[in-house]
>>> print(open('work.cif').read())   # mmCIF, C-alpha atoms and all ligand atoms
data_model
loop_
_atom_site.group_PDB
_atom_site.id
_atom_site.type_symbol
_atom_site.label_atom_id
_atom_site.label_comp_id
_atom_site.auth_asym_id
_atom_site.auth_seq_id
_atom_site.Cartn_x
_atom_site.Cartn_y
_atom_site.Cartn_z
ATOM 1 C CA MET A 1 8.166 15.090 9.720
ATOM 2 C CA ARG A 2 6.780 12.437 7.407
ATOM 3 C CA THR A 3 3.466 13.277 5.726
ATOM 4 C CA ARG A 4 1.066 10.503 6.551
ATOM 5 C CA ILE A 5 -0.842 8.572 3.921
ATOM 6 C CA VAL A 6 -4.176 6.785 4.020
ATOM 7 C CA THR A 7 -4.891 4.592 0.998
ATOM 8 C CA GLY A 8 -8.176 2.848 0.316
ATOM 9 C CA ASN A 9 -7.753 -0.448 -1.501
ATOM 10 C CA TRP A 10 -11.125 -1.295 -3.014
ATOM 11 C CA LYS A 11 -9.867 -4.682 -4.249
ATOM 12 C CA MET A 12 -12.390 -6.205 -6.740
ATOM 13 C CA ASN A 13 -15.353 -4.297 -5.323
ATOM 14 C CA ARG A 14 -17.800 -1.636 -6.544
ATOM 15 C CA SER A 15 -19.441 -1.224 -9.928
ATOM 16 C CA LEU A 16 -18.799 1.958 -11.903
ATOM 17 C CA ALA A 17 -21.939 3.616 -10.506
ATOM 18 C CA GLU A 18 -21.195 2.442 -6.950
ATOM 19 C CA GLY A 19 -17.606 3.677 -7.222
ATOM 20 C CA GLU A 20 -18.750 7.101 -8.379
ATOM 21 C CA SER A 21 -21.218 7.341 -5.520
ATOM 22 C CA LEU A 22 -18.563 6.235 -2.987
ATOM 23 C CA VAL A 23 -16.176 8.952 -4.213
ATOM 24 C CA ARG A 24 -18.981 11.520 -4.100
ATOM 25 C CA ASP A 25 -19.712 10.587 -0.470
ATOM 26 C CA ILE A 26 -16.027 10.660 0.512
ATOM 27 C CA ARG A 27 -15.617 14.088 -1.089
ATOM 28 C CA SER A 28 -18.642 15.511 0.676
ATOM 29 C CA GLN A 29 -17.525 14.241 4.101
ATOM 30 C CA LEU A 30 -13.782 14.869 3.886
ATOM 31 C CA LYS A 31 -12.891 18.367 5.026
ATOM 32 C CA GLY A 32 -9.303 19.539 4.558
ATOM 33 C CA PRO A 33 -7.355 16.352 5.331
ATOM 34 C CA LYS A 34 -3.836 16.957 6.605
ATOM 35 C CA CYS A 35 -2.505 13.677 5.256
ATOM 36 C CA GLU A 36 -2.212 12.343 1.706
ATOM 37 C CA VAL A 37 -5.377 10.483 0.717
ATOM 38 C CA ILE A 38 -5.282 7.892 -2.055
ATOM 39 C CA ILE A 39 -7.895 5.527 -3.450
ATOM 40 C CA ALA A 40 -7.125 2.384 -5.421
ATOM 41 C CA PRO A 41 -10.179 1.272 -7.430
ATOM 42 C CA PRO A 42 -10.084 -1.634 -9.895
ATOM 43 C CA PHE A 43 -8.123 -0.969 -13.123
ATOM 44 C CA ILE A 44 -11.303 -0.644 -15.167
ATOM 45 C CA HIS A 45 -12.439 2.366 -13.101
ATOM 46 C CA LEU A 46 -9.140 4.271 -13.066
ATOM 47 C CA ALA A 47 -9.834 6.708 -15.914
ATOM 48 C CA SER A 48 -13.337 7.437 -14.604
ATOM 49 C CA ALA A 49 -12.060 7.801 -11.040
ATOM 50 C CA LYS A 50 -9.580 10.412 -12.220
ATOM 51 C CA LYS A 51 -12.569 12.537 -13.285
ATOM 52 C CA TRP A 52 -14.554 11.834 -10.104
ATOM 53 C CA LEU A 53 -11.576 13.052 -8.053
ATOM 54 C CA GLU A 54 -10.897 16.253 -10.018
ATOM 55 C CA GLY A 55 -10.172 19.173 -7.721
ATOM 56 C CA SER A 56 -10.423 17.038 -4.559
ATOM 57 C CA GLY A 57 -6.713 16.561 -3.832
ATOM 58 C CA ILE A 58 -7.378 12.822 -3.454
ATOM 59 C CA LYS A 59 -4.851 10.799 -5.432
ATOM 60 C CA LEU A 60 -5.272 7.675 -7.461
ATOM 61 C CA ALA A 61 -3.511 4.300 -7.267
ATOM 62 C CA ALA A 62 -3.732 1.058 -9.216
ATOM 63 C CA GLN A 63 -3.762 -2.213 -7.305
ATOM 64 C CA ASN A 64 -1.187 -3.981 -9.472
ATOM 65 C CA CYS A 65 0.825 -3.579 -12.682
ATOM 66 C CA CYS A 66 2.536 -5.809 -15.216
ATOM 67 C CA SER A 67 6.232 -6.665 -14.895
ATOM 68 C CA GLU A 68 6.668 -5.798 -18.607
ATOM 69 C CA ASN A 69 6.254 -2.483 -20.416
ATOM 70 C CA ASP A 70 4.254 -3.704 -23.432
ATOM 71 C CA GLY A 71 3.740 -6.635 -25.774
ATOM 72 C CA ALA A 72 1.932 -9.949 -25.929
ATOM 73 C CA TYR A 73 0.758 -10.257 -22.304
ATOM 74 C CA THR A 74 -2.966 -10.849 -22.654
ATOM 75 C CA GLY A 75 -4.993 -9.498 -19.777
ATOM 76 C CA GLU A 76 -2.180 -7.456 -18.265
ATOM 77 C CA VAL A 77 -2.001 -3.690 -17.668
ATOM 78 C CA SER A 78 1.297 -1.821 -17.885
ATOM 79 C CA ALA A 79 2.620 0.863 -15.564
ATOM 80 C CA LYS A 80 2.583 3.295 -18.495
ATOM 81 C CA MET A 81 -1.139 2.676 -19.067
ATOM 82 C CA ILE A 82 -1.791 3.276 -15.376
ATOM 83 C CA LYS A 83 0.151 6.524 -15.539
ATOM 84 C CA ASP A 84 -1.817 7.525 -18.669
ATOM 85 C CA CYS A 85 -5.049 7.126 -16.675
ATOM 86 C CA GLY A 86 -3.821 9.737 -14.215
ATOM 87 C CA ALA A 87 -2.762 7.490 -11.340
ATOM 88 C CA GLU A 88 0.301 8.486 -9.325
ATOM 89 C CA TYR A 89 0.674 5.308 -7.275
ATOM 90 C CA VAL A 90 0.561 1.561 -7.665
ATOM 91 C CA ILE A 91 0.188 -1.070 -4.960
ATOM 92 C CA ILE A 92 2.647 -3.913 -5.509
ATOM 93 C CA GLY A 93 3.056 -7.173 -3.604
ATOM 94 C CA HIS A 94 -0.326 -7.303 -1.874
ATOM 95 C CA SER A 95 -0.579 -10.640 -0.076
ATOM 96 C CA GLU A 96 -3.631 -11.569 -2.171
ATOM 97 C CA ARG A 97 -1.453 -11.221 -5.293
ATOM 98 C CA ARG A 98 1.325 -13.244 -3.653
ATOM 99 C CA LYS A 99 -1.105 -15.964 -2.556
ATOM 100 C CA TYR A 100 -3.625 -16.331 -5.393
ATOM 101 C CA TYR A 101 -1.382 -15.363 -8.329
ATOM 102 C CA HIS A 102 1.851 -16.790 -6.949
ATOM 103 C CA GLU A 103 3.733 -13.505 -7.267
ATOM 104 C CA THR A 104 7.280 -13.965 -6.024
ATOM 105 C CA ASN A 105 9.701 -11.372 -4.662
ATOM 106 C CA ALA A 106 11.642 -11.576 -7.959
ATOM 107 C CA LEU A 107 8.539 -10.818 -10.042
ATOM 108 C CA LEU A 108 7.514 -8.041 -7.652
ATOM 109 C CA LEU A 109 10.924 -6.422 -8.037
ATOM 110 C CA LYS A 110 10.381 -6.331 -11.819
ATOM 111 C CA LYS A 111 6.938 -4.781 -11.335
ATOM 112 C CA THR A 112 8.440 -2.197 -8.987
ATOM 113 C CA GLU A 113 11.117 -1.308 -11.545
ATOM 114 C CA ARG A 114 8.522 -0.902 -14.325
ATOM 115 C CA ALA A 115 6.402 1.303 -12.049
ATOM 116 C CA LEU A 116 9.346 3.536 -11.128
ATOM 117 C CA GLU A 117 10.512 3.805 -14.764
ATOM 118 C CA ASN A 118 7.041 5.107 -15.572
ATOM 119 C CA GLU A 119 7.113 7.641 -12.738
ATOM 120 C CA LEU A 120 4.619 5.902 -10.504
ATOM 121 C CA LYS A 121 5.179 5.788 -6.762
ATOM 122 C CA VAL A 122 4.999 2.326 -5.278
ATOM 123 C CA ILE A 123 3.163 1.171 -2.175
ATOM 124 C CA TYR A 124 4.977 -2.104 -1.596
ATOM 125 C CA CYS A 125 3.300 -4.621 0.710
ATOM 126 C CA VAL A 126 5.159 -6.918 3.061
ATOM 127 C CA GLY A 127 3.930 -9.074 5.907
ATOM 128 C CA GLU A 128 4.143 -12.467 7.545
ATOM 129 C CA THR A 129 1.624 -15.315 7.557
ATOM 130 C CA LEU A 130 0.128 -16.631 10.785
ATOM 131 C CA THR A 131 2.375 -19.710 10.633
ATOM 132 C CA GLU A 132 5.422 -17.493 10.296
ATOM 133 C CA ARG A 133 4.385 -15.410 13.299
ATOM 134 C CA GLU A 134 3.538 -18.449 15.407
ATOM 135 C CA SER A 135 6.917 -19.990 14.623
ATOM 136 C CA LYS A 136 8.610 -16.667 15.481
ATOM 137 C CA PHE A 137 9.776 -16.291 11.890
ATOM 138 C CA HIS A 138 7.898 -13.022 11.306
ATOM 139 C CA PHE A 139 10.913 -10.714 11.458
ATOM 140 C CA ASP A 140 12.879 -12.946 9.058
ATOM 141 C CA ALA A 141 9.941 -13.185 6.649
ATOM 142 C CA VAL A 142 9.531 -9.415 6.474
ATOM 143 C CA GLN A 143 13.279 -8.845 6.282
ATOM 144 C CA GLN A 144 13.457 -11.116 3.227
ATOM 145 C CA GLN A 145 10.665 -9.210 1.480
ATOM 146 C CA VAL A 146 12.249 -5.825 2.193
ATOM 147 C CA GLN A 147 15.697 -7.037 1.192
ATOM 148 C CA ASP A 148 14.512 -8.565 -2.097
ATOM 149 C CA MET A 149 13.034 -5.247 -3.239
ATOM 150 C CA TYR A 150 14.081 -2.133 -1.359
ATOM 151 C CA PHE A 151 17.743 -3.026 -0.963
ATOM 152 C CA LEU A 152 18.085 -3.802 -4.675
ATOM 153 C CA LEU A 153 16.942 -0.357 -5.822
ATOM 154 C CA ARG A 154 19.177 2.639 -6.533
ATOM 155 C CA GLY A 155 19.353 5.395 -3.933
ATOM 156 C CA ASP A 156 17.466 7.868 -6.134
ATOM 157 C CA GLN A 157 14.541 5.439 -6.478
ATOM 158 C CA LEU A 158 13.915 5.036 -2.758
ATOM 159 C CA GLU A 159 12.010 8.282 -2.219
ATOM 160 C CA ASN A 160 9.261 6.884 -4.448
ATOM 161 C CA ILE A 161 8.731 3.779 -2.345
ATOM 162 C CA ILE A 162 6.267 3.492 0.514
ATOM 163 C CA ILE A 163 6.186 0.251 2.456
ATOM 164 C CA ALA A 164 2.911 -1.170 3.759
ATOM 165 C CA TYR A 165 3.264 -3.651 6.609
ATOM 166 C CA GLU A 166 0.274 -5.951 6.301
ATOM 167 C CA PRO A 167 0.376 -9.065 8.464
ATOM 168 C CA VAL A 168 -1.422 -11.646 6.298
ATOM 169 C CA TRP A 169 -3.353 -12.967 9.304
ATOM 170 C CA ALA A 170 -4.865 -9.524 9.833
ATOM 171 C CA ILE A 171 -6.086 -8.836 6.289
ATOM 172 C CA GLY A 172 -9.853 -9.045 5.987
ATOM 173 C CA THR A 173 -10.045 -11.196 9.141
ATOM 174 C CA GLY A 174 -11.077 -8.653 11.755
ATOM 175 C CA LYS A 175 -7.911 -9.569 13.707
ATOM 176 C CA THR A 176 -5.903 -6.362 13.823
ATOM 177 C CA ALA A 177 -2.274 -6.344 14.908
ATOM 178 C CA SER A 178 -2.071 -4.642 18.280
ATOM 179 C CA PRO A 179 -0.570 -1.152 18.204
ATOM 180 C CA ALA A 180 2.489 -2.620 19.962
ATOM 181 C CA GLN A 181 2.862 -5.399 17.356
ATOM 182 C CA ALA A 182 2.527 -2.877 14.519
ATOM 183 C CA GLN A 183 5.008 -0.461 16.098
ATOM 184 C CA GLU A 184 7.486 -3.283 16.760
ATOM 185 C CA MET A 185 7.491 -4.375 13.112
ATOM 186 C CA HIS A 186 7.492 -0.845 11.696
ATOM 187 C CA ALA A 187 10.455 0.077 13.896
ATOM 188 C CA TYR A 188 12.198 -3.112 12.805
ATOM 189 C CA ILE A 189 11.686 -2.288 9.097
ATOM 190 C CA ARG A 190 12.996 1.237 9.692
ATOM 191 C CA SER A 191 16.037 -0.147 11.506
ATOM 192 C CA LEU A 192 16.791 -2.499 8.598
ATOM 193 C CA VAL A 193 16.611 0.435 6.203
ATOM 194 C CA GLU A 194 18.830 2.553 8.445
ATOM 195 C CA GLN A 195 21.500 -0.159 8.609
ATOM 196 C CA LYS A 196 21.555 -0.592 4.841
ATOM 197 C CA LYS A 197 20.669 2.851 3.438
ATOM 198 C CA GLY A 198 21.431 5.291 6.244
ATOM 199 C CA LYS A 199 19.468 7.336 8.742
ATOM 200 C CA ALA A 200 18.205 10.032 6.365
ATOM 201 C CA VAL A 201 16.584 7.457 4.068
ATOM 202 C CA ALA A 202 15.122 5.536 7.029
ATOM 203 C CA ASP A 203 13.724 8.693 8.605
ATOM 204 C CA ALA A 204 12.045 9.703 5.334
ATOM 205 C CA LEU A 205 10.502 6.286 4.568
ATOM 206 C CA ARG A 206 6.737 6.126 5.055
ATOM 207 C CA ILE A 207 5.555 2.809 6.485
ATOM 208 C CA LEU A 208 1.794 2.193 6.434
ATOM 209 C CA TYR A 209 -0.085 -0.358 8.502
ATOM 210 C CA GLY A 210 -2.714 -2.569 6.854
ATOM 211 C CA GLY A 211 -4.900 -5.354 8.217
ATOM 212 C CA SER A 212 -8.423 -4.882 9.588
ATOM 213 C CA CYS A 213 -7.770 -1.218 10.297
ATOM 214 C CA THR A 214 -11.054 0.466 11.232
ATOM 215 C CA ALA A 215 -12.352 3.838 12.355
ATOM 216 C CA ASP A 216 -12.170 2.508 15.935
ATOM 217 C CA ASN A 217 -8.609 1.196 15.996
ATOM 218 C CA ALA A 218 -6.983 3.677 13.591
ATOM 219 C CA PRO A 219 -6.319 6.419 16.192
ATOM 220 C CA GLU A 220 -4.225 4.114 18.382
ATOM 221 C CA LEU A 221 -2.437 2.462 15.467
ATOM 222 C CA PHE A 222 -1.608 5.834 13.885
ATOM 223 C CA GLY A 223 -0.467 7.086 17.287
ATOM 224 C CA GLN A 224 2.590 4.805 17.103
ATOM 225 C CA ALA A 225 5.860 6.537 16.348
ATOM 226 C CA ASP A 226 6.731 4.511 13.244
ATOM 227 C CA VAL A 227 3.227 4.099 11.793
ATOM 228 C CA ASP A 228 2.823 6.675 9.026
ATOM 229 C CA GLY A 229 -0.762 5.928 8.054
ATOM 230 C CA GLY A 230 -2.689 2.991 6.687
ATOM 231 C CA LEU A 231 -3.575 0.785 3.754
ATOM 232 C CA ILE A 232 -7.259 0.150 4.243
ATOM 233 C CA GLY A 233 -9.306 -2.613 2.609
ATOM 234 C CA GLY A 234 -12.843 -3.290 3.865
ATOM 235 C CA ALA A 235 -13.265 -0.017 5.736
ATOM 236 C CA SER A 236 -12.388 1.993 2.619
ATOM 237 C CA LEU A 237 -15.635 0.870 0.997
ATOM 238 C CA LYS A 238 -17.753 2.895 3.417
ATOM 239 C CA ALA A 239 -17.294 6.639 3.064
ATOM 240 C CA ALA A 240 -17.997 7.450 6.722
ATOM 241 C CA ASP A 241 -15.495 4.868 7.993
ATOM 242 C CA PHE A 242 -12.828 5.821 5.482
ATOM 243 C CA VAL A 243 -13.180 9.512 6.312
ATOM 244 C CA LYS A 244 -12.857 8.777 10.053
ATOM 245 C CA ILE A 245 -9.682 6.801 9.355
ATOM 246 C CA VAL A 246 -8.287 9.693 7.302
ATOM 247 C CA GLN A 247 -9.114 12.064 10.161
ATOM 248 C CA ALA A 248 -7.299 9.741 12.592
ATOM 249 C CA ALA A 249 -4.163 10.238 10.498
ATOM 250 C CA GLY A 250 -4.276 13.968 11.218
HETATM 251 C C1 LIG A 301 -5.829 -4.701 2.370
HETATM 252 O O1 LIG A 301 -6.481 -5.253 1.507
HETATM 253 O O2 LIG A 301 -4.751 -4.172 2.075
HETATM 254 C C2 LIG A 301 -6.348 -4.690 3.740
HETATM 255 C C3 LIG A 301 -5.610 -4.200 4.690
HETATM 256 O O3 LIG A 301 -7.620 -5.201 3.926
HETATM 257 P P1 LIG A 301 -8.529 -5.062 5.245
HETATM 258 O O4 LIG A 301 -8.407 -3.645 5.729
HETATM 259 O O5 LIG A 301 -9.890 -5.411 4.805
HETATM 260 O O6 LIG A 301 -7.969 -6.024 6.260
#
>>> encode(input="work.cif", output="structure tokens")
Amino acid sequence: MRTRIVTGNWKMNRSLAEGESLVRDIRSQLKGPKCEVIIAPPFIHLASAKKWLEGSGIKLAAQNCCSENDGAYTGEVSAKMIKDCGAEYVIIGHSERRKYYHETNALLLKKTERALENELKVIYCVGETLTERESKFHFDAVQQQVQDMYFLLRGDQLENIIIAYEPVWAIGTGKTASPAQAQEMHAYIRSLVEQKKGKAVADALRILYGGSCTADNAPELFGQADVDGGLIGGASLKAADFVKIVQAAG
């Protein structure tokens, strides 16, 4: 059995005081979750968030990391610094990073390697654009993203990778993939991994769904055999909604 994960990606939202109050509300409403719960606040809040989360069992993720370990990279934050702040996870390859900051699969592989070297677990995002889906290129697009990262890692690194399938057309748009569409792509990703890395690795891989996941649609999405939880954007900014989504994961 794979332990499910629900991760809240706050993106560039919430002031320090608002973040603290959001965590306080989540903590007061969340009773004994059976899945792993992770929040990913902006970098600047990580060290504070570690304190807000003390004793809660909720884990911490960064939303990005630098592809280098240290040096003259003004404005960047290294995986080691993230680890020092008490985070256990880092999100890499979010479609907003790919789109607005032109992050390529090659760069994202370097970021993944730096994260793993610094003992962070990686939530690696893949997903097709609307044009790719409409031209029936969605399986190829996702295959390329998985192949350019996951298949290039050593066997012992794979247990620290979680894949998040986030169709770009579903992120922040209110257009959720149907449970059938999500299951189809998750099963496809797992089959790719099985072909290349074997059944045991494929069976252990956690694949999260992301893209307009809400308290209403989470139960059906998480009810799919290959959906192991969610990466949640907008709905993670409201404690009541986020908690309902966590509860939907079991
Ligand atoms: C995300 O940012 O990863 C995401 C899935 O956003 P939203 O839930 O708002 O679509």
>>> residues_near_ligand(input="work.cif", ligand="ligand LIG 301 (chain A)", cutoff="9 Å", atoms="only C-alpha atoms and all ligand atoms", output="compact mmCIF listing (two decimals) with C-alpha atoms, keeping the file's coordinate frame")
# COMPACT_ATOMS: atom_id res chain seq x y z
CA THR A 7 -4.89 4.59 1.00
CA GLY A 8 -8.18 2.85 0.32
CA ASN A 9 -7.75 -0.45 -1.50
CA TRP A 10 -11.12 -1.30 -3.01
CA LYS A 11 -9.87 -4.68 -4.25
CA HIS A 94 -0.33 -7.30 -1.87
CA SER A 95 -0.58 -10.64 -0.08
CA GLU A 96 -3.63 -11.57 -2.17
CA CYS A 125 3.30 -4.62 0.71
CA ALA A 164 2.91 -1.17 3.76
CA GLU A 166 0.27 -5.95 6.30
CA PRO A 167 0.38 -9.06 8.46
CA VAL A 168 -1.42 -11.65 6.30
CA TRP A 169 -3.35 -12.97 9.30
CA ALA A 170 -4.86 -9.52 9.83
CA ILE A 171 -6.09 -8.84 6.29
CA GLY A 172 -9.85 -9.04 5.99
CA THR A 173 -10.04 -11.20 9.14
CA GLY A 174 -11.08 -8.65 11.76
CA LYS A 175 -7.91 -9.57 13.71
CA THR A 176 -5.90 -6.36 13.82
CA TYR A 209 -0.08 -0.36 8.50
CA GLY A 210 -2.71 -2.57 6.85
CA GLY A 211 -4.90 -5.35 8.22
CA SER A 212 -8.42 -4.88 9.59
CA CYS A 213 -7.77 -1.22 10.30
CA THR A 214 -11.05 0.47 11.23
CA GLY A 230 -2.69 2.99 6.69
CA LEU A 231 -3.58 0.78 3.75
CA ILE A 232 -7.26 0.15 4.24
CA GLY A 233 -9.31 -2.61 2.61
CA GLY A 234 -12.84 -3.29 3.86
CA ALA A 235 -13.26 -0.02 5.74
CA SER A 236 -12.39 1.99 2.62
>>> closest_residue(input="work.cif", among="A:Phe137, A:Tyr89, A:Glu184, A:Ile58", to="Gly32 of chain A", atoms="all atoms listed in the file")
A:Ile58
>>> closest_residue(input="work.cif", among="A:Val227, A:Ala49, A:Leu30, A:Cys35", to="Leu16 of chain A", atoms="all atoms listed in the file")
A:Ala49
>>> residues_around(input="work.cif", residues="Gln247 of chain A", least_positions_apart="5", cutoff="9 Å", atoms="all atoms listed in the file", output="tab-separated table (two decimals) with C-alpha atoms, in the coordinates of the input")
chain	number	residue	atom	x	y	z
A	30	LEU	CA	-13.78	14.87	3.89
A	31	LYS	CA	-12.89	18.37	5.03
A	33	PRO	CA	-7.36	16.35	5.33
A	34	LYS	CA	-3.84	16.96	6.60
A	35	CYS	CA	-2.50	13.68	5.26
A	219	PRO	CA	-6.32	6.42	16.19
A	242	PHE	CA	-12.83	5.82	5.48
>>> atom_distance(input="work.cif", atom1="atom CA of Ile163 of chain A", atom2="atom CA of Leu108 of chain A")
13.1 Å
>>> resolve_selection(input="work.cif", expression="the PyMOL selection byres (((chain A and resi 87) around 9) and not hetatm)", output="list in words")
Ala40, Leu46, Ala47, Lys50, Lys59, Leu60, Ala61, Ala62, Ile82, Lys83, Asp84, Cys85, Gly86, Glu88, Tyr89, Val90 and Leu120 of chain A
>>> resolve_selection(input="work.cif", expression="the PyMOL selection byres (((chain A and resi 179) around 8) and not hetatm)", output="MDAnalysis selection string")
chainID A and resid 177:178 180:183 220:221 224
>>> residues_around(input="work.cif", residues="His138 of chain A", least_positions_apart="5", cutoff="7 Å", atoms="all atoms listed in the file", output="ChimeraX atom specification")
/A:128,132-133
>>> residues_around(input="work.cif", residues="Asp25 of chain A", least_positions_apart="3", cutoff="12 Å", atoms="only C-alpha atoms", output="ChimeraX atom specification")
/A:18-22,28-31,52-53,236-243
>>> resolve_selection(input="work.cif", expression="the PyMOL selection byres (((chain A and resi 193) around 12) and not hetatm)", output="ChimeraX atom specification")
/A:143,146-147,149-152,155,158,163,186-192,194-207
>>> axis_aligned_box(input="work.cif", around="segment 125-129 of chain A", padding_each_side="8 Å", output="JSON")
{"center_x": 3.4, "center_y": -10.0, "center_z": 4.1, "size_x": 19.5, "size_y": 26.7, "size_z": 22.8}
>>> atom_distance(input="work.cif", atom1="atom CA of Thr112 of chain A", atom2="atom CA of Phe139 of chain A")
22.3 Å
>>> atom_distance(input="work.cif", atom1="atom CA of Cys65 of chain A", atom2="atom CA of Glu103 of chain A")
11.7 Å
>>> closest_residue(input="work.cif", among="A:Ile123, A:Ile39, A:Ala141, A:Ile44", to="Gly57 of chain A", atoms="only C-alpha atoms")
A:Ile39
>>> closest_residue(input="work.cif", among="A:Pro42, A:His102, A:Ala249, A:Glu117", to="Ala79 of chain A", atoms="only C-alpha atoms")
A:Glu117
>>> build_atoms(input="work.cif", residues="segment 199-206 of chain A", atoms="all heavy atoms", output="tab-separated table (two decimals), in the coordinates of the input")
chain	number	residue	atom	x	y	z
A	199	LYS	N	20.51	6.78	7.88
A	199	LYS	CA	19.47	7.34	8.74
A	199	LYS	C	18.52	8.27	7.99
A	199	LYS	O	17.31	8.25	8.22
A	199	LYS	CB	20.13	8.08	9.91
A	199	LYS	CG	19.14	8.59	10.92
A	199	LYS	CD	19.81	8.89	12.25
A	199	LYS	CE	18.93	9.66	13.21
A	199	LYS	NZ	17.51	9.41	13.16
A	200	ALA	N	19.07	9.07	7.07
A	200	ALA	CA	18.20	10.03	6.36
A	200	ALA	C	17.13	9.30	5.56
A	200	ALA	O	15.95	9.69	5.57
A	200	ALA	CB	19.04	10.93	5.47
A	201	VAL	N	17.54	8.23	4.88
A	201	VAL	CA	16.58	7.46	4.07
A	201	VAL	C	15.55	6.80	4.99
A	201	VAL	O	14.34	6.83	4.74
A	201	VAL	CB	17.32	6.39	3.22
A	201	VAL	CG1	16.34	5.47	2.52
A	201	VAL	CG2	18.23	7.07	2.20
A	202	ALA	N	16.03	6.23	6.09
A	202	ALA	CA	15.12	5.54	7.03
A	202	ALA	C	14.13	6.52	7.63
A	202	ALA	O	12.93	6.21	7.76
A	202	ALA	CB	15.93	4.85	8.13
A	203	ASP	N	14.61	7.70	7.98
A	203	ASP	CA	13.72	8.69	8.60
A	203	ASP	C	12.66	9.18	7.63
A	203	ASP	O	11.57	9.58	8.03
A	203	ASP	CB	14.53	9.91	9.08
A	203	ASP	CG	15.26	9.60	10.39
A	203	ASP	OD1	14.96	8.58	11.01
A	203	ASP	OD2	16.16	10.38	10.75
A	204	ALA	N	12.99	9.18	6.33
A	204	ALA	CA	12.04	9.70	5.33
A	204	ALA	C	11.04	8.64	4.87
A	204	ALA	O	10.00	8.98	4.31
A	204	ALA	CB	12.82	10.24	4.13
A	205	LEU	N	11.35	7.37	5.09
A	205	LEU	CA	10.50	6.29	4.57
A	205	LEU	C	9.14	6.26	5.27
A	205	LEU	O	9.08	6.22	6.50
A	205	LEU	CB	11.21	4.93	4.78
A	205	LEU	CG	10.39	3.69	4.47
A	205	LEU	CD1	10.06	3.60	2.97
A	205	LEU	CD2	11.13	2.43	4.92
A	206	ARG	N	8.07	6.26	4.47
A	206	ARG	CA	6.74	6.13	5.06
A	206	ARG	C	6.36	4.64	5.11
A	206	ARG	O	6.48	3.94	4.10
A	206	ARG	CB	5.70	6.90	4.26
A	206	ARG	CG	5.53	8.32	4.78
A	206	ARG	CD	5.89	9.45	3.94
A	206	ARG	NE	5.83	9.39	2.54
A	206	ARG	CZ	4.95	10.10	1.79
A	206	ARG	NH1	4.04	10.82	2.34
A	206	ARG	NH2	5.05	10.08	0.48
